[in-house]
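These notes are about the structure you will find just below.
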Amino acid sequence: MSKLGNSEADCEDSFNSNVRTLRYAVADGASSSLFSDVWARAITETTVFGTQDFFTDPGKFIMNMIQKARLVWYEHINWQSLPWFHKNKAIAGSHSTLLGIQFQKEPSGYSYSTFAVGDTVLFKLQPDGTYESFPLSSPEQFNNTPSLVWSGKGHPIPVNVRMIPPKTVWASGTFNASQHLFIATDAVAKWLMEYGKFQEVRNLMYDKEKLRRYFTGEINSKRMRNDDLTLVILSLK
Amino acid sequence: MVYSSEISRRNPGLFLFLIDQSRSMSHKLGGTLRSKSQEAADAINRQIYELIYRCTKSDGVRDYFDIGIIGYGAVSDTADSLLKDETIVPISKLAENPLRMEKRTEKISDPDGNEVETEFEFPVWFEPVANSNTPMVKGLKLAREWLDDWLAEHHDSYPPVVINISDGAATDGDPLEVAKSIISMSSMDGNVLFWNCHLSELKGQTPVAFPADTTVLPATEKFATQLFEMSSELPESFLNLAQERALDVQPGSRAYVFNAGLDELLELLDIGTRAPTENLQ
C-alpha cells in the first residue's frame with residue numbers, strides 16, 4: 001500500500017514472482033530519486049525472470065540482472081519529451097533496495113538462496129513464534145542511508161555503459177511446511193521487529209482491506225512509519 | 001516541540017524571498033565580477049531550482065512548498081511581487097511557468113570516468129534590477145500581509161521562512177517594528193523564521209555569520225545592529241545543520257549574515273531552505 005496521503009499510483013515499491021523459476025523479489029524505490037518506481041519494477045522483473053541462476057553464479061547473476069534492468073528502465077522513459085524539471089533530475093538515475101529469493105526443491109522441503117541490497121528484510125518464522133531475519137536483525141540497524149541498487153545515469157549518458165555492482169549480501173537456508181517466510185520493506189520490517197505481530201498479520205493476510213486498515217491504525221498511532229508498505233508472506237501447503 | 005511539522009502536500013511550507021532592488025545593488029558584490037543584484041537574483045533563482053528539484057517526483061512537481069518573491073526599490077518607494085500577476089504560488093506553478101529558460105552546460109562522468117559535457121535548461125523566474133531607493137519597510141509590510149493570509153489557511157504547517165537580501169539601510173523608516181511583528185507571527189509549529197543577508201561590496205570585508213550578540217558587529221554601522229535585531233534566533237534543527245557544516249554557531253545565533261560575499265549568501269540560502277526540506281513527507 002502507498003504512504004498515507006499518496007495515491008496507489010505513487011507507490012514506489014515493487015513485488016514480482018515467477019512460479020516457474022521459484023523466484024520472488026521485493027524492491028523499495030528511493031523517493032529521493034526520480035523514476036524509482038520504474039527502476040524498482042525493472043529490477044524485480046529481471047530478478048525473477050532472468051535466465052541466470054542464483055545458485056550457480058551469484059555474482060554473474062547480479063551483473064546480468066542490473067544490466068538488463070537498466071535497459072528496461074532506460075527504454076521505459078521517454079527522455080526527449082520530459083519537461084525540464086524531470087529531465088534535469090532523471091539524469092542522476094534511480095535507486096532502489098532489492099531482496100530476491102530463489103527456491104530449490106529438496107526431498108524434505110525446499111532450500112533457498114537469497115540476496116539483499118539495502119533494508120528490505122526476509123524473516124523466517126518458526127512454529128514457536130521465534131524468527132531469523134536477513135540482512136538486518138534489529139530495529140536499530142535501519143537508517144536513512146541503506147545500500148541501494150543504482151540504475152546508472154540517464155540520458156544523455158548512453159544505455160550501454162558498464163554498470164557498478166551494488167553492495168550485495170547473500171544467505172541460504174531451508175524452508176519447510178511448518179515455517180513462514182515474510183519479506184517486508186523497511187517500515188513494516190522495523191515494525192515487525194519492534195512489535196513481533198507476525199500472527200496478527202498472518203490472520204489478516206487474506207483480507208486486503210482489513211490489513212490496510214490495521215496498518216493505517218499502526219501508522220496513525222505512530223508505531224509504524226508512514227511509508228510505502230510491501231509485505232509478502234510465503235508458506236508451503 | 002516546534003519546527004517539527006511534517007511538510008506534505010496537505011501541509012505545505014512557505015518560502016518568502018525579499019530582495020533589495022535599490023540602485024546601490026548595481027555595484028559589484030565583494031570578490032565577484034558581477035553586481036549584487038545579479039548575484040542575488042541568480043542565487044535565489046538557483047535556490048528555487050533546488051527546491052523544485054527536491055519536490056520533483058515521477059508524477060511531476062509535488063506542492064510541498066509555496067513560494068513568494070517580493071522586490072523593493074525597482075520603482076521609488078514601491079514594493080511588489082516579482083512574479084507576474086501572482087503573490088504566493090504553489091511550487092509546481094513556478095516549475096511550469098518560468099519567465100525564460102537559459103541553456104547551461106555541465107560535465108558529468110560515466111562509470112568509466114569519461115567526462116561528457118551536457119547541456120541542460122536552467123529556468124529564470126525573475127531578472128536582476130537595481131534602480132531606485134530602499135523601501136524595505138514597504139517590502140516588509142507587504143510580506144506581513146501575505147504571511148497573514150497564508151497563515152490563516154495553514155495553521156498546522158511548518159512556519160514560513162522569510163529571507164531578506166539587502167545591501168543597506170531602509171530609506172522609508174525604521175523596519176525593526178515591522179520585522180518584529182513578522183517574527184511574532186506563528187503557526188501551531190512555531191514562529192515565522194526571519195533571515196537577513198546583508199551584501200558587501202568591498203573585497204576583503206570580513207563577513208559576520210550567524211552572530212549570537214551585537215559585539216561582533218561593526219559599531220559604526222547602525223543598520224548592522226538593526227538587521228541583527230530583525231533576525232530570528234536559529235532553531236535547533238538549523239543550528240544542527242550549520243554545525244554539521246563546521247560553521248561557528250551557538251544557541252542564540254541569529255539567522256543573519258553581515259557583509260556577506262557570494263559564498264556566505266549561498267550558504268545562508270542553503271541552510272535557510274535545507275532544514276525544512278528534511279521534514280518532507
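Identifiers for the C-alpha cells are assigned positionally: chains receive A, B, ... in sequence, residues are indexed from 1 per chain, and ligands are indexed from 1 in the order shown.
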Task: Expected answer as a VMD selection string: chain B residues within 7 Å of chain A, only C-alpha atoms - done: chain B and resid 53 56 to 58 110 to 111 120 to 121
Give me every strand (DSSP E) residue in segment 73-218 of chain A, going by DSSP on the backbone, as a VMD selection string.
chain A and resid 95 to 106 109 to 117 121 to 125 131 to 134 149 to 150 169 to 175 180 to 184
- [ ] Considering only C-alpha atoms, return as a list in words whatever protein or nucleic-acid residues lie within 12 Å of Leu211 of chain A, sequence-local ones (same chain, fewer than 3 positions apart) excluded.
- [x]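 Final neighbour list, sorted by chain and number: Met1, Glu200, Val201, Arg202, Asn203, Leu204, Met205, Tyr206, Asp207, Lys208, Tyr214, Phe215, Thr216, Gly217, Glu218, Leu229, Thr230 and Leu231 of chain A.
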Output of the above residues as a PDB file, in the first residue's frame, restricted to N, CA and C atoms:
ATOM      1  N   MET A   1       0.838  -1.196   0.000  1.00  0.00           N
ATOM      2  CA  MET A   1       0.000   0.000   0.000  1.00  0.00           C
ATOM      3  C   MET A   1       0.875   1.250   0.000  1.00  0.00           C
ATOM      4  N   GLU A 200      -0.756 -11.693  14.025  1.00  0.00           N
ATOM      5  CA  GLU A 200      -1.853 -10.767  13.702  1.00  0.00           C
ATOM      6  C   GLU A 200      -1.890 -10.502  12.189  1.00  0.00           C
ATOM      7  N   VAL A 201      -0.719 -10.295  11.629  1.00  0.00           N
ATOM      8  CA  VAL A 201      -0.646 -10.005  10.190  1.00  0.00           C
ATOM      9  C   VAL A 201      -1.046 -11.225   9.379  1.00  0.00           C
ATOM     10  N   ARG A 202      -0.608 -12.398   9.796  1.00  0.00           N
ATOM     11  CA  ARG A 202      -0.971 -13.629   9.074  1.00  0.00           C
ATOM     12  C   ARG A 202      -2.474 -13.834   9.074  1.00  0.00           C
ATOM     13  N   ASN A 203      -3.106 -13.492  10.212  1.00  0.00           N
ATOM     14  CA  ASN A 203      -4.561 -13.666  10.306  1.00  0.00           C
ATOM     15  C   ASN A 203      -5.317 -12.760   9.337  1.00  0.00           C
ATOM     16  N   LEU A 204      -4.677 -11.635   8.981  1.00  0.00           N
ATOM     17  CA  LEU A 204      -5.352 -10.666   8.102  1.00  0.00           C
ATOM     18  C   LEU A 204      -4.927 -10.783   6.647  1.00  0.00           C
ATOM     19  N   MET A 205      -3.999 -11.701   6.343  1.00  0.00           N
ATOM     20  CA  MET A 205      -3.368 -11.673   5.026  1.00  0.00           C
ATOM     21  C   MET A 205      -4.316 -11.956   3.870  1.00  0.00           C
ATOM     22  N   TYR A 206      -5.460 -12.592   4.116  1.00  0.00           N
ATOM     23  CA  TYR A 206      -6.388 -12.875   3.013  1.00  0.00           C
ATOM     24  C   TYR A 206      -7.438 -11.781   2.844  1.00  0.00           C
ATOM     25  N   ASP A 207      -7.412 -10.789   3.719  1.00  0.00           N
ATOM     26  CA  ASP A 207      -8.376  -9.687   3.621  1.00  0.00           C
ATOM     27  C   ASP A 207      -7.600  -8.382   3.497  1.00  0.00           C
ATOM     28  N   LYS A 208      -7.396  -7.997   2.249  1.00  0.00           N
ATOM     29  CA  LYS A 208      -6.524  -6.851   1.971  1.00  0.00           C
ATOM     30  C   LYS A 208      -7.034  -5.571   2.654  1.00  0.00           C
ATOM     31  N   TYR A 214      -5.650  -2.069   9.368  1.00  0.00           N
ATOM     32  CA  TYR A 214      -4.781  -2.393  10.501  1.00  0.00           C
ATOM     33  C   TYR A 214      -3.468  -1.602  10.422  1.00  0.00           C
ATOM     34  N   PHE A 215      -2.849  -1.604   9.239  1.00  0.00           N
ATOM     35  CA  PHE A 215      -1.598  -0.856   9.065  1.00  0.00           C
ATOM     36  C   PHE A 215      -1.825   0.653   9.210  1.00  0.00           C
ATOM     37  N   THR A 216      -2.963   1.131   8.694  1.00  0.00           N
ATOM     38  CA  THR A 216      -3.273   2.562   8.837  1.00  0.00           C
ATOM     39  C   THR A 216      -3.347   2.938  10.309  1.00  0.00           C
ATOM     40  N   GLY A 217      -3.966   2.063  11.109  1.00  0.00           N
ATOM     41  CA  GLY A 217      -4.049   2.320  12.558  1.00  0.00           C
ATOM     42  C   GLY A 217      -2.674   2.353  13.200  1.00  0.00           C
ATOM     43  N   GLU A 218      -1.811   1.440  12.784  1.00  0.00           N
ATOM     44  CA  GLU A 218      -0.441   1.413  13.337  1.00  0.00           C
ATOM     45  C   GLU A 218       0.337   2.676  12.951  1.00  0.00           C
ATOM     46  N   LEU A 229       4.300   0.561   1.823  1.00  0.00           N
ATOM     47  CA  LEU A 229       4.452  -0.699   2.562  1.00  0.00           C
ATOM     48  C   LEU A 229       4.268  -1.884   1.623  1.00  0.00           C
ATOM     49  N   THR A 230       5.191  -2.831   1.695  1.00  0.00           N
ATOM     50  CA  THR A 230       5.011  -4.093   0.981  1.00  0.00           C
ATOM     51  C   THR A 230       5.327  -5.236   1.929  1.00  0.00           C
ATOM     52  N   LEU A 231       4.436  -6.219   1.961  1.00  0.00           N
ATOM     53  CA  LEU A 231       4.655  -7.401   2.790  1.00  0.00           C
ATOM     54  C   LEU A 231       4.226  -8.630   1.984  1.00  0.00           C
TER      55      LEU A 231
END
In terms of only C-alpha atoms, the residue from B:Asn97, B:Asn114, B:Ser231, B:Ser166 at minimal distance from Asn133 of chain B is B:Ser166
A straight line from atom CA of Val149 of chain A to atom CA of Ile43 of chain A spans 8.6 Å
Provide the atom CA of Val257 of chain B to atom CA of Val208 of chain B distance in Å, to one decimal place.
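Going from atom CA of Val257 of chain B over to atom CA of Val208 of chain B covers 5.6 Å.
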Just to confirm, what's the straight-line distance from atom CA of Arg104 of chain B to atom CA of Gln38 of chain B in Å (one decimal)?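 Those two atoms sit 16.6 Å apart.
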DSSP alpha helix (DSSP H) residues within segment 57-212 of chain B, listed as a VMD selection string: chain B and resid 91 to 96 136 to 153 176 to 183
Same residues, N, CA, C and O atoms, saved as a compact mmCIF listing (two decimals), in the first residue's frame:
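See out.txt below for the written result:
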# COMPACT_ATOMS: atom_id res chain seq x y z
N ILE B 91 4.66 25.60 -5.62
CA ILE B 91 5.94 25.45 -6.32
C ILE B 91 5.78 24.82 -7.71
O ILE B 91 6.55 25.13 -8.62
N SER B 92 4.75 23.99 -7.90
CA SER B 92 4.55 23.37 -9.23
C SER B 92 4.24 24.43 -10.27
O SER B 92 4.59 24.30 -11.44
N LYS B 93 3.56 25.49 -9.83
CA LYS B 93 3.21 26.56 -10.77
C LYS B 93 4.48 27.28 -11.24
O LYS B 93 4.59 27.66 -12.40
N LEU B 94 5.42 27.47 -10.32
CA LEU B 94 6.70 28.06 -10.72
C LEU B 94 7.43 27.15 -11.71
O LEU B 94 8.02 27.61 -12.68
N ALA B 95 7.40 25.84 -11.42
CA ALA B 95 8.10 24.89 -12.30
C ALA B 95 7.54 24.95 -13.72
O ALA B 95 8.29 24.83 -14.69
N GLU B 96 6.24 25.14 -13.81
CA GLU B 96 5.60 25.13 -15.13
C GLU B 96 5.66 26.47 -15.84
O GLU B 96 5.45 26.55 -17.04
N MET B 136 12.48 49.26 2.25
CA MET B 136 12.42 47.96 2.92
C MET B 136 11.17 47.84 3.80
O MET B 136 10.57 46.76 3.91
N VAL B 137 10.79 48.95 4.43
CA VAL B 137 9.61 48.90 5.31
C VAL B 137 8.37 48.50 4.49
O VAL B 137 7.58 47.66 4.92
N LYS B 138 8.27 49.09 3.30
CA LYS B 138 7.12 48.73 2.42
C LYS B 138 7.20 47.25 2.03
O LYS B 138 6.19 46.56 1.99
N GLY B 139 8.41 46.79 1.76
CA GLY B 139 8.59 45.38 1.41
C GLY B 139 8.16 44.48 2.56
O GLY B 139 7.45 43.48 2.36
N LEU B 140 8.55 44.85 3.77
CA LEU B 140 8.21 44.02 4.92
C LEU B 140 6.71 44.07 5.22
O LEU B 140 6.11 43.06 5.60
N LYS B 141 6.11 45.24 5.02
CA LYS B 141 4.66 45.34 5.26
C LYS B 141 3.89 44.46 4.26
O LYS B 141 2.90 43.84 4.62
N LEU B 142 4.37 44.45 3.01
CA LEU B 142 3.72 43.60 2.02
C LEU B 142 3.89 42.12 2.41
O LEU B 142 2.94 41.33 2.33
N ALA B 143 5.10 41.79 2.87
CA ALA B 143 5.35 40.40 3.30
C ALA B 143 4.42 40.04 4.46
O ALA B 143 3.87 38.93 4.50
N ARG B 144 4.24 40.96 5.39
CA ARG B 144 3.37 40.69 6.54
C ARG B 144 1.93 40.42 6.11
O ARG B 144 1.28 39.52 6.63
N GLU B 145 1.47 41.19 5.12
CA GLU B 145 0.10 40.95 4.60
C GLU B 145 0.00 39.54 4.01
O GLU B 145 -0.96 38.82 4.29
N TRP B 146 0.98 39.18 3.20
CA TRP B 146 0.94 37.86 2.56
C TRP B 146 1.02 36.76 3.60
O TRP B 146 0.32 35.73 3.52
N LEU B 147 1.89 36.96 4.61
CA LEU B 147 2.05 35.94 5.65
C LEU B 147 0.77 35.77 6.46
O LEU B 147 0.37 34.66 6.81
N ASP B 148 0.13 36.90 6.72
CA ASP B 148 -1.12 36.87 7.48
C ASP B 148 -2.16 36.01 6.74
O ASP B 148 -2.81 35.15 7.34
N ASP B 149 -2.29 36.26 5.45
CA ASP B 149 -3.26 35.49 4.64
C ASP B 149 -2.86 34.01 4.60
O ASP B 149 -3.71 33.13 4.73
N TRP B 150 -1.59 33.75 4.41
CA TRP B 150 -1.13 32.35 4.26
C TRP B 150 -1.31 31.58 5.56
O TRP B 150 -1.80 30.44 5.56
N LEU B 151 -0.94 32.23 6.68
CA LEU B 151 -1.04 31.53 7.98
C LEU B 151 -2.49 31.26 8.36
O LEU B 151 -2.78 30.26 9.04
N ALA B 152 -3.40 32.13 7.90
CA ALA B 152 -4.83 31.91 8.21
C ALA B 152 -5.31 30.59 7.61
O ALA B 152 -6.25 29.97 8.11
N GLU B 153 -4.66 30.17 6.53
CA GLU B 153 -5.07 28.92 5.86
C GLU B 153 -4.16 27.74 6.17
O GLU B 153 -4.37 26.64 5.67
N LEU B 176 12.46 47.87 11.94
CA LEU B 176 12.55 46.95 13.08
C LEU B 176 11.17 46.54 13.60
O LEU B 176 10.91 45.36 13.84
N GLU B 177 10.29 47.53 13.71
CA GLU B 177 8.96 47.23 14.28
C GLU B 177 8.19 46.22 13.40
O GLU B 177 7.60 45.27 13.89
N VAL B 178 8.24 46.44 12.08
CA VAL B 178 7.52 45.53 11.17
C VAL B 178 8.17 44.15 11.23
O VAL B 178 7.48 43.12 11.25
N ALA B 179 9.51 44.14 11.26
CA ALA B 179 10.22 42.85 11.30
C ALA B 179 9.84 42.08 12.56
O ALA B 179 9.59 40.86 12.50
N LYS B 180 9.78 42.79 13.68
CA LYS B 180 9.42 42.10 14.93
C LYS B 180 7.99 41.58 14.88
O LYS B 180 7.69 40.51 15.42
N SER B 181 7.11 42.35 14.24
CA SER B 181 5.73 41.86 14.15
C SER B 181 5.66 40.63 13.25
O SER B 181 4.84 39.74 13.47
N ILE B 182 6.55 40.55 12.25
CA ILE B 182 6.60 39.35 11.38
C ILE B 182 7.11 38.17 12.20
O ILE B 182 6.54 37.07 12.15
N ILE B 183 8.18 38.39 12.97
CA ILE B 183 8.75 37.29 13.76
C ILE B 183 7.75 36.79 14.80
O ILE B 183 7.76 35.61 15.18
For Ile70 of chain B, please output as a count of residues only all residues within 10 Å (counting only C-alpha atoms; exclusion window: fewer than 3 positions along the same chain). 18
Of A:Leu192, A:Leu181, A:Val48, A:Ala40, the one nearest to Phe61 of chain A when counting only C-alpha atoms is A:Val48
Surrounding residues of Pro160 of chain B excluding itself and chain neighbours under 5 positions, 6 Å, only C-alpha atoms, as JSON, numbers by chain: {"B": [14, 15, 192]}
#### Entry: For Asn64 of chain A, the nearest of the candidates A:Asn176, A:Ser221, A:Thr47, A:Ser2, counting only C-alpha atoms
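For Asn64 of chain A, the nearest of the given residues is A:Thr47.
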Item to complete: Could you give me, as a PyMOL selection string, the residues within 10 Å of Asp53 of chain A, counting only C-alpha atoms and dropping anything in the same chain fewer than 5 positions from it?
Response: chain A and resi 21+23+47-48+58+60-62+102+113
Notebook entry, point to check: Which residues come within 7 Å of Val116 of chain B, counting only C-alpha atoms, excluding same-chain residues fewer than 5 positions away, as a VMD selection string?
Noted result: chain B and resid 107 to 109
